[in-house]
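For reference, data20.cif is printed below; it contains mmCIF, C-alpha atoms.
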data_structure
#
loop_
_atom_site.label_atom_id
_atom_site.label_comp_id
_atom_site.auth_asym_id
_atom_site.auth_seq_id
_atom_site.Cartn_x
_atom_site.Cartn_y
_atom_site.Cartn_z
CA MET A 1 21.88 189.94 209.48
CA ARG A 2 18.71 191.77 208.78
CA VAL A 3 16.16 190.69 206.23
CA ASP A 4 13.27 192.72 204.95
CA CYS A 5 10.68 190.94 202.90
CA LEU A 6 8.76 193.69 201.13
CA HIS A 7 5.69 192.36 199.36
CA GLY A 8 7.53 189.15 198.62
CA TYR A 9 10.81 190.74 197.51
CA PHE A 10 13.81 190.15 199.75
CA ILE A 11 16.43 192.59 200.96
CA PHE A 12 19.27 191.20 203.02
CA THR A 13 21.56 193.56 204.88
CA GLU A 14 24.77 192.50 206.47
CA THR A 15 25.45 194.03 209.88
CA LYS A 16 28.67 192.09 210.38
CA SER A 17 30.96 190.80 207.70
CA GLY A 18 30.57 187.16 206.90
CA GLN A 19 26.84 187.00 207.59
CA ILE A 20 25.87 186.65 203.95
CA SER A 21 28.34 183.85 203.32
CA ASP A 22 27.16 182.15 206.50
CA PHE A 23 23.57 182.37 205.36
CA VAL A 24 24.42 180.99 201.94
CA SER A 25 26.41 178.11 203.36
CA GLN A 26 23.75 177.25 205.93
CA THR A 27 20.72 177.46 203.66
CA GLY A 28 22.15 176.66 200.26
CA LEU A 29 20.25 179.67 198.92
CA SER A 30 22.22 181.96 196.64
CA LEU A 31 22.29 185.68 197.31
CA VAL A 32 23.67 188.36 195.07
CA LYS A 33 24.61 191.98 195.64
CA LYS A 34 22.16 194.44 194.15
CA ASP A 35 22.55 198.14 194.72
CA THR A 36 23.31 198.49 198.44
CA TYR A 37 21.81 195.20 199.58
CA TYR A 38 21.68 191.52 198.81
CA THR A 39 18.77 189.62 197.36
CA PHE A 40 18.06 186.19 196.05
CA GLU A 41 19.94 185.41 192.87
CA PHE A 42 16.73 184.68 190.99
CA CYS A 43 15.58 188.26 191.56
CA GLU A 44 18.87 189.82 190.51
CA ASN A 45 17.45 191.12 187.24
CA ALA A 46 14.06 192.15 188.55
CA LYS A 47 12.97 195.32 186.78
CA ASN A 48 11.45 198.37 188.36
CA TYR A 49 8.48 198.17 186.02
CA SER A 50 6.07 195.65 184.59
CA LEU A 51 3.90 195.62 181.51
CA ALA A 52 0.66 193.68 181.76
CA GLY A 53 0.96 190.54 179.68
CA LEU A 54 4.75 190.61 179.51
CA PRO A 55 6.62 188.04 181.64
CA TYR A 56 8.05 189.43 184.85
CA LEU A 57 10.68 187.07 186.24
CA GLY A 58 8.95 184.29 184.38
CA VAL A 59 5.36 185.11 185.28
CA PRO A 60 3.02 187.14 183.08
CA ALA A 61 2.55 190.51 184.73
CA VAL A 62 -1.02 191.49 185.44
CA GLU A 63 -0.40 195.18 185.92
CA THR A 64 1.40 197.91 184.04
CA PHE A 65 3.34 199.55 186.80
CA GLU A 66 6.53 201.45 187.55
CA GLY A 67 8.15 201.86 190.94
CA ASN A 68 10.48 200.15 193.35
CA ILE A 69 10.87 196.45 192.70
CA TRP A 70 8.88 195.62 195.80
CA ASP A 71 6.14 197.98 194.62
CA VAL A 72 6.05 196.12 191.31
CA PHE A 73 5.74 192.88 193.28
CA GLU A 74 2.87 194.37 195.27
CA ALA A 75 1.10 195.75 192.19
CA ASN A 76 1.18 192.35 190.54
CA ALA A 77 0.55 190.42 193.78
CA PHE A 78 3.73 188.41 193.23
CA VAL A 79 6.05 186.90 195.83
CA TYR A 80 9.38 185.18 195.54
CA ASP A 81 9.15 181.56 196.62
CA PHE A 82 12.66 180.79 197.83
CA VAL A 83 11.77 177.12 198.32
CA LEU A 84 10.82 176.55 194.69
CA GLY A 85 13.07 179.30 193.38
CA ILE A 86 10.35 181.03 191.40
CA VAL A 87 8.22 184.13 191.45
CA ARG A 88 4.56 183.25 191.78
CA PRO A 89 1.19 184.87 192.48
CA ILE A 90 0.72 185.26 196.21
CA ILE A 91 -2.66 183.56 196.07
CA SER A 92 -1.03 180.39 194.77
CA VAL A 93 0.92 179.95 198.02
CA VAL A 94 -0.78 177.44 200.31
CA GLN A 95 2.07 177.01 202.78
CA LYS A 96 1.05 177.20 206.43
CA THR A 97 3.16 178.92 209.06
CA SER A 98 3.00 179.45 212.78
CA ILE A 99 4.00 182.81 214.14
CA SER A 100 4.02 183.38 217.85
CA LEU A 101 4.80 186.32 220.06
CA ALA A 102 7.88 185.87 222.22
CA GLY A 103 8.53 188.89 224.36
CA ASN A 104 8.98 191.88 222.11
CA LYS A 105 9.40 189.87 218.95
CA TYR A 106 7.78 187.21 216.87
CA VAL A 107 9.23 183.83 216.17
CA ALA A 108 8.50 181.32 213.47
CA ASN A 109 9.92 178.08 212.30
CA GLY A 110 12.61 179.34 209.98
CA LEU A 111 12.37 181.98 207.31
CA ILE A 112 8.73 182.64 206.50
CA LEU A 113 7.71 181.99 202.93
CA PRO A 114 5.88 185.13 201.76
CA GLY A 115 2.29 184.34 201.00
CA SER A 116 2.15 181.76 203.76
CA ILE A 117 -1.05 181.48 205.74
CA THR A 118 -0.91 181.68 209.51
CA ASP A 119 -2.80 179.49 211.93
CA ASP A 120 -5.47 182.15 212.22
CA GLY A 121 -5.87 182.39 208.46
CA GLN A 122 -3.93 185.55 207.72
CA ARG A 123 -1.72 185.68 204.64
CA VAL A 124 1.80 187.06 205.16
CA THR A 125 2.91 189.68 202.65
CA GLY A 126 6.17 190.68 204.27
CA TYR A 127 8.22 191.10 207.40
CA SER A 128 11.36 192.43 208.98
CA ALA A 129 13.61 190.02 210.80
CA TRP A 130 17.01 189.47 212.29
CA TYR A 131 18.95 186.28 212.06
CA SER A 132 20.55 185.14 215.29
CA ARG A 133 23.63 183.32 214.18
CA ASP A 134 24.31 181.76 217.58
CA ILE A 135 20.97 180.08 218.00
CA LYS A 136 20.20 179.91 214.29
CA THR A 137 16.84 181.59 214.76
CA TRP A 138 14.95 184.24 212.89
CA ASN A 139 13.52 186.93 215.13
CA TYR A 140 10.75 188.89 213.53
CA THR A 141 10.29 192.51 214.52
CA ALA A 142 7.32 193.06 212.24
CA VAL A 143 5.06 190.87 210.16
CA TYR A 144 2.70 192.24 207.56
CA TYR A 145 -0.46 190.67 206.25
CA VAL A 146 -2.79 191.11 203.29
CA MET B 1 11.14 208.10 189.56
CA SER B 2 9.84 207.03 186.21
CA LYS B 3 10.62 204.60 183.41
CA ILE B 4 10.82 205.55 179.75
CA LEU B 5 10.41 202.91 177.06
CA ALA B 6 10.46 203.09 173.28
CA ALA B 7 6.92 202.61 172.00
CA THR B 8 4.72 202.83 168.94
CA CYS B 9 1.17 203.99 168.42
CA VAL B 10 -1.01 202.50 165.69
CA ALA B 11 -4.70 203.33 165.47
CA SER B 12 -4.51 204.76 168.99
CA VAL B 13 -3.09 201.50 170.39
CA VAL B 14 0.20 202.02 172.19
CA THR B 15 2.65 199.12 172.16
CA ALA B 16 5.86 198.75 174.15
CA GLU B 17 8.20 195.77 174.31
CA GLY B 18 5.79 193.90 172.08
CA VAL B 19 2.67 194.18 174.23
CA PRO B 20 -0.19 196.67 174.02
CA VAL B 21 -0.44 199.14 176.85
CA PRO B 22 -4.14 200.01 177.03
CA ILE B 23 -3.75 202.24 180.08
CA ALA B 24 -1.39 204.55 178.19
CA GLU B 25 -2.72 208.06 177.81
CA ILE B 26 -1.80 209.41 174.38
CA PHE B 27 -0.44 212.95 174.52
CA SER B 28 -0.85 213.68 170.82
CA ALA B 29 -3.49 213.45 168.14
CA GLY B 30 -2.84 209.70 167.78
CA ILE B 31 -4.37 209.57 164.31
CA ALA B 32 -1.43 208.45 162.21
CA SER B 33 0.95 205.62 163.13
CA SER B 34 3.94 206.87 165.03
CA GLU B 35 6.98 206.02 167.07
CA GLY B 36 7.50 207.65 170.42
CA LEU B 37 8.09 207.17 174.10
CA LEU B 38 6.09 205.51 176.85
CA ILE B 39 6.61 207.20 180.17
CA MET B 40 5.60 205.10 183.15
CA GLN B 41 5.16 206.34 186.69
CA ASP B 42 3.50 204.28 189.39
CA GLY B 43 0.33 202.90 187.84
CA ASN B 44 0.18 205.53 185.10
CA ALA B 45 1.55 205.46 181.58
CA TYR B 46 1.77 208.24 179.03
CA TYR B 47 2.62 208.07 175.34
CA ILE B 48 4.40 210.94 173.64
CA THR B 49 4.96 210.70 169.92
CA SER B 50 8.11 211.81 168.23
CA ASN B 51 7.16 214.89 166.20
CA ALA B 52 10.30 214.63 164.09
CA THR B 53 8.58 212.91 161.17
CA ASP B 54 5.63 215.33 161.31
CA ILE B 55 8.01 218.26 161.20
CA GLU B 56 10.08 216.63 158.47
CA ALA B 57 7.02 216.10 156.28
CA THR B 58 5.83 219.65 156.92
CA LEU B 59 9.20 221.11 155.97
CA ASP B 60 9.25 218.92 152.86
CA GLY B 61 5.85 220.30 151.89
CA VAL B 62 6.86 223.90 152.49
CA SER B 63 10.10 223.33 150.58
CA ASP B 64 8.11 221.92 147.64
CA ALA B 65 5.81 224.94 147.76
CA ILE B 66 8.75 227.36 147.69
CA THR B 67 10.29 225.45 144.79
CA SER B 68 7.02 225.65 142.90
CA LEU B 69 6.63 229.37 143.65
CA THR B 70 10.17 230.06 142.46
CA ALA B 71 9.50 228.17 139.26
CA THR B 72 6.27 230.09 138.76
CA ILE B 73 7.97 233.46 139.21
CA ALA B 74 10.72 232.39 136.80
CA GLN B 75 8.07 231.38 134.32
CA LEU B 76 6.35 234.77 134.70
CA ILE B 77 9.64 236.53 133.95
CA THR B 78 10.10 234.34 130.89
CA THR B 79 6.53 234.96 129.78
CA PHE B 80 6.69 238.74 130.10
CA GLY B 81 10.11 238.73 128.44
CA SER B 82 8.60 236.83 125.57
CA PHE B 83 5.74 239.32 125.34
CA ALA B 84 8.16 242.25 125.33
CA ALA B 85 10.25 240.64 122.61
CA ALA B 86 7.16 240.08 120.51
CA MET B 87 5.91 243.68 120.87
CA THR B 88 8.11 245.11 118.12
CA GLY B 89 5.53 246.77 115.87
CA PRO B 90 2.29 248.78 115.94
CA THR B 91 0.21 245.61 116.16
CA THR B 92 -2.16 245.01 119.11
CA ALA B 93 -2.46 241.34 118.40
CA PRO B 94 -1.23 239.03 121.21
CA PRO B 95 2.10 237.35 120.66
CA PRO B 96 1.84 233.86 119.11
CA THR B 97 3.38 232.21 122.21
CA LEU B 98 0.69 233.53 124.57
CA ALA B 99 -1.45 230.39 124.71
CA ALA B 100 1.53 228.17 125.45
CA GLU B 101 2.88 230.55 128.10
CA LEU B 102 -0.51 230.72 129.86
CA ALA B 103 -0.76 226.93 129.81
CA VAL B 104 2.57 226.69 131.64
CA LEU B 105 1.43 229.25 134.24
CA THR B 106 -1.82 227.35 134.74
CA ALA B 107 0.14 224.15 135.34
CA LYS B 108 2.33 225.91 137.90
CA SER B 109 -0.78 227.18 139.67
CA ALA B 110 -2.15 223.64 139.78
CA GLU B 111 1.12 222.44 141.34
CA LEU B 112 0.80 225.02 144.11
CA THR B 113 -2.80 223.99 144.74
CA ALA B 114 -1.71 220.35 144.97
CA THR B 115 1.05 221.24 147.45
CA LYS B 116 -1.47 223.08 149.59
CA ALA B 117 -3.73 220.03 149.56
CA THR B 118 -0.80 217.85 150.64
CA LEU B 119 -0.12 220.13 153.59
CA GLU B 120 -3.79 220.02 154.57
CA LEU B 121 -3.65 216.22 154.51
CA LEU B 122 -0.57 216.26 156.69
CA LYS B 123 -2.31 218.52 159.16
CA ALA B 124 -5.28 216.18 159.34
CA GLY B 125 -3.03 213.21 159.99
CA LEU B 126 -0.86 214.64 162.74
CA LYS B 127 0.54 212.03 165.07
#
Any chance you could give the structure as structure tokens?
Amino acid sequence: MRVDCLHGYFIFTETKSGQISDFVSQTGLSLVKKDTYYTFEFCENAKNYSLAGLPYLGVPAVETFEGNIWDVFEANAFVYDFVLGIVRPIISVVQKTSISLAGNKYVANGLILPGSITDDGQRVTGYSAWYSRDIKTWNYTAVYYV
Amino acid sequence: MSKILAATCVASVVTAEGVPVPIAEIFSAGIASSEGLLIMQDGNAYYITSNATDIEATLDGVSDAITSLTATIAQLITTFGSFAAAMTGPTTAPPPTLAAELAVLTAKSAELTATKATLELLKAGLK
């Protein structure tokens, strides 16, 4: 299964049937189908626009913006915190994460919480990763920072 | 891709979904209160008023003016008919109804002037 975290918004893509249900059963995190992909249930009704001052998934938007959902996340500097199950400003995330290079990919301890701060002080805004079902490991092909 | 929302504009402040949208660029005069559309694209927002009420008020004004003009012409016909009916002898004196007839025509003229003023006001307050 592939996951793309775009500015804190998650897109899960099944490459083999059963991967989504496996992920849900293993993590306890609910995913829902949206358009052609899956995303976290909390973000199911995320709009493709925000109005400054009006709540966006429970948080007052800071920007008036229209675009893809992940662009709206970026414009407002929001991320989805799948641990707490809320959308929050990226600067409010204080989680630490260790990302290391392993051959032609990066590895981390589990799914990286967007907004996390790496050992060298960089804040993660997004990534692309594959989930290895056999060894229950996330392999990151790209990691993006602020 | 863009998003279109119902919006209002009052005193040049555009509001959509209950919140003011200060970045909205108003594509109309923005003088009078109006209802319209907020068009959002990326970080830009544009407000376009609905001209329907402006047009409706203008047509109402023009319709009133035509009604008043018709009434004035009808009154002129009546007045001249009255004059003709009164001119039955060698007298050069004006018919006794002249003052009253002229008063009616003056009133009709005042109505037309008032209608014109209303249209000017409407023009000044375009949305």
Taking all atoms listed in the file into account, report as a PyMOL selection string which residues of chain B lie within 6 Å of chain A. chain B and resi 40-43
Evaluating the PyMOL selection byres ((chain B and resi 97-108) around 10) on the displayed file yields which residues, as number ranges by chain? B: 68-73, 75-76, 78-80, 82-83, 86, 94-96, 109-114
Which is closest to Phe23 of chain A among A:Ala61, A:Val143, A:Arg88, A:Trp138, if we use only C-alpha atoms?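 Ranking A:Ala61, A:Val143, A:Arg88, A:Trp138 by distance to Phe23 of chain A, first place goes to A:Trp138.
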Separation of atom CA of Val19 of chain B from atom CA of Lys34 of chain A, in Å and rounded to one decimal: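 We find that atom CA of Val19 of chain B and atom CA of Lys34 of chain A lie 27.9 Å from each other.
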What are the centre and the three edge lengths of an axis-aligned box that wraps all atoms of segment 106-117 of chain A in the file, given that 5 Å is added to every side, written as JSON and rounded to one decimal in Å?
{"center_x": 5.8, "center_y": 182.6, "center_z": 208.9, "size_x": 23.7, "size_y": 19.1, "size_z": 25.9}
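Nearest residue to Asp60 of chain B, choosing from B:Lys116, B:Ser2, B:Gly89, B:Val10 and counting all atoms listed in the file: B:Lys116.
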Matched chain/residue IDs from the PyMOL selection byres ((chain A and resi 29) around 9), as a ChimeraX atom specification: /A:23-28,30-31,40-41,82-83
Might you spell out which residues the PyMOL selection byres ((chain A and resi 46) around 8) would select in the displayed file, as a list of chain:residue names?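 Answer for the PyMOL selection byres ((chain A and resi 46) around 8): A:Cys43, A:Glu44, A:Asn45, A:Lys47, A:Asn48, A:Tyr56, A:Leu57, A:Ile69.
What separates atom CA of Ser63 of chain B from atom CA of Leu121 of chain B is a distance of 16.0 Å.
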From the block you just saw, export segment 38-127 of chain A: C-alpha atoms, as a PDB file, in the first residue's frame.
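File written: decode-v9.pdb
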ATOM      1  CA  TYR A  38      -8.597   6.462   0.789  1.00  0.00           C
ATOM      2  CA  THR A  39      -8.004   8.936   3.559  1.00  0.00           C
ATOM      3  CA  PHE A  40      -8.519   9.157   7.259  1.00  0.00           C
ATOM      4  CA  GLU A  41     -12.161   9.180   8.241  1.00  0.00           C
ATOM      5  CA  PHE A  42     -11.783  12.483  10.066  1.00  0.00           C
ATOM      6  CA  CYS A  43     -10.794  14.173   6.804  1.00  0.00           C
ATOM      7  CA  GLU A  44     -13.632  12.660   4.793  1.00  0.00           C
ATOM      8  CA  ASN A  45     -15.504  15.942   4.569  1.00  0.00           C
ATOM      9  CA  ALA A  46     -12.503  18.192   4.083  1.00  0.00           C
ATOM     10  CA  LYS A  47     -13.435  20.977   1.694  1.00  0.00           C
ATOM     11  CA  ASN A  48     -11.384  22.244  -1.190  1.00  0.00           C
ATOM     12  CA  TYR A  49     -11.541  25.772   0.168  1.00  0.00           C
ATOM     13  CA  SER A  50     -11.201  27.655   3.409  1.00  0.00           C
ATOM     14  CA  LEU A  51     -12.436  31.018   4.584  1.00  0.00           C
ATOM     15  CA  ALA A  52     -10.264  32.814   7.110  1.00  0.00           C
ATOM     16  CA  GLY A  53     -11.999  32.743  10.469  1.00  0.00           C
ATOM     17  CA  LEU A  54     -14.349  29.905   9.569  1.00  0.00           C
ATOM     18  CA  PRO A  55     -13.605  26.500  11.140  1.00  0.00           C
ATOM     19  CA  TYR A  56     -11.899  24.061   8.823  1.00  0.00           C
ATOM     20  CA  LEU A  57     -12.206  20.526  10.171  1.00  0.00           C
ATOM     21  CA  GLY A  58     -12.595  22.030  13.600  1.00  0.00           C
ATOM     22  CA  VAL A  59      -9.802  24.591  13.447  1.00  0.00           C
ATOM     23  CA  PRO A  60     -10.305  28.248  12.511  1.00  0.00           C
ATOM     24  CA  ALA A  61      -8.832  28.744   9.066  1.00  0.00           C
ATOM     25  CA  VAL A  62      -6.211  31.441   8.800  1.00  0.00           C
ATOM     26  CA  GLU A  63      -6.325  31.835   5.048  1.00  0.00           C
ATOM     27  CA  THR A  64      -9.016  32.292   2.442  1.00  0.00           C
ATOM     28  CA  PHE A  65      -7.975  29.781  -0.138  1.00  0.00           C
ATOM     29  CA  GLU A  66      -9.295  27.469  -2.834  1.00  0.00           C
ATOM     30  CA  GLY A  67      -7.511  24.486  -4.303  1.00  0.00           C
ATOM     31  CA  ASN A  68      -6.847  20.823  -3.713  1.00  0.00           C
ATOM     32  CA  ILE A  69      -7.454  19.735  -0.147  1.00  0.00           C
ATOM     33  CA  TRP A  70      -3.737  19.347   0.438  1.00  0.00           C
ATOM     34  CA  ASP A  71      -3.195  22.844  -0.930  1.00  0.00           C
ATOM     35  CA  VAL A  72      -5.750  24.154   1.554  1.00  0.00           C
ATOM     36  CA  PHE A  73      -3.844  22.323   4.295  1.00  0.00           C
ATOM     37  CA  GLU A  74      -0.618  23.940   3.112  1.00  0.00           C
ATOM     38  CA  ALA A  75      -2.134  27.418   2.850  1.00  0.00           C
ATOM     39  CA  ASN A  76      -3.390  27.212   6.410  1.00  0.00           C
ATOM     40  CA  ALA A  77      -0.319  25.340   7.708  1.00  0.00           C
ATOM     41  CA  PHE A  78      -2.540  22.544   9.013  1.00  0.00           C
ATOM     42  CA  VAL A  79      -1.722  18.858   9.365  1.00  0.00           C
ATOM     43  CA  TYR A  80      -3.833  15.884  10.310  1.00  0.00           C
ATOM     44  CA  ASP A  81      -2.670  14.365  13.571  1.00  0.00           C
ATOM     45  CA  PHE A  82      -3.707  10.722  13.251  1.00  0.00           C
ATOM     46  CA  VAL A  83      -2.647  10.031  16.836  1.00  0.00           C
ATOM     47  CA  LEU A  84      -5.013  12.571  18.361  1.00  0.00           C
ATOM     48  CA  GLY A  85      -7.497  12.373  15.513  1.00  0.00           C
ATOM     49  CA  ILE A  86      -7.588  16.111  14.906  1.00  0.00           C
ATOM     50  CA  VAL A  87      -6.426  18.696  12.430  1.00  0.00           C
ATOM     51  CA  ARG A  88      -3.989  21.103  14.032  1.00  0.00           C
ATOM     52  CA  PRO A  89      -1.519  23.846  13.105  1.00  0.00           C
ATOM     53  CA  ILE A  90       1.763  22.303  12.061  1.00  0.00           C
ATOM     54  CA  ILE A  91       3.687  24.489  14.476  1.00  0.00           C
ATOM     55  CA  SER A  92       1.813  22.950  17.391  1.00  0.00           C
ATOM     56  CA  VAL A  93       3.325  19.528  16.681  1.00  0.00           C
ATOM     57  CA  VAL A  94       6.277  18.828  18.971  1.00  0.00           C
ATOM     58  CA  GLN A  95       6.636  15.120  18.211  1.00  0.00           C
ATOM     59  CA  LYS A  96      10.185  13.982  17.499  1.00  0.00           C
ATOM     60  CA  THR A  97      11.013  11.438  14.827  1.00  0.00           C
ATOM     61  CA  SER A  98      14.109   9.700  13.576  1.00  0.00           C
ATOM     62  CA  ILE A  99      14.489   9.208   9.869  1.00  0.00           C
ATOM     63  CA  SER A 100      17.476   7.346   8.543  1.00  0.00           C
ATOM     64  CA  LEU A 101      18.691   6.435   5.107  1.00  0.00           C
ATOM     65  CA  ALA A 102      18.667   2.721   4.374  1.00  0.00           C
ATOM     66  CA  GLY A 103      19.905   1.971   0.907  1.00  0.00           C
ATOM     67  CA  ASN A 104      17.696   3.764  -1.567  1.00  0.00           C
ATOM     68  CA  LYS A 105      14.966   4.547   0.915  1.00  0.00           C
ATOM     69  CA  TYR A 106      14.334   6.124   4.255  1.00  0.00           C
ATOM     70  CA  VAL A 107      13.052   4.332   7.283  1.00  0.00           C
ATOM     71  CA  ALA A 108      11.385   5.610  10.401  1.00  0.00           C
ATOM     72  CA  ASN A 109       9.738   4.143  13.409  1.00  0.00           C
ATOM     73  CA  GLY A 110       6.236   3.695  12.085  1.00  0.00           C
ATOM     74  CA  LEU A 111       4.105   6.152  10.190  1.00  0.00           C
ATOM     75  CA  ILE A 112       5.540   9.632  10.563  1.00  0.00           C
ATOM     76  CA  LEU A 113       3.273  12.175  12.163  1.00  0.00           C
ATOM     77  CA  PRO A 114       3.267  15.208   9.846  1.00  0.00           C
ATOM     78  CA  GLY A 115       4.772  18.180  11.571  1.00  0.00           C
ATOM     79  CA  SER A 116       7.199  15.988  13.478  1.00  0.00           C
ATOM     80  CA  ILE A 117      10.679  17.319  14.056  1.00  0.00           C
ATOM     81  CA  THR A 118      13.651  15.213  13.032  1.00  0.00           C
ATOM     82  CA  ASP A 119      16.802  14.696  15.038  1.00  0.00           C
ATOM     83  CA  ASP A 120      18.487  17.439  13.064  1.00  0.00           C
ATOM     84  CA  GLY A 121      15.663  19.875  13.713  1.00  0.00           C
ATOM     85  CA  GLN A 122      13.798  19.737  10.421  1.00  0.00           C
ATOM     86  CA  ARG A 123      10.007  19.733  10.445  1.00  0.00           C
ATOM     87  CA  VAL A 124       8.320  17.133   8.218  1.00  0.00           C
ATOM     88  CA  THR A 125       5.535  18.433   6.006  1.00  0.00           C
ATOM     89  CA  GLY A 126       4.906  15.321   3.975  1.00  0.00           C
ATOM     90  CA  TYR A 127       6.234  12.143   2.446  1.00  0.00           C
TER      91      TYR A 127
END
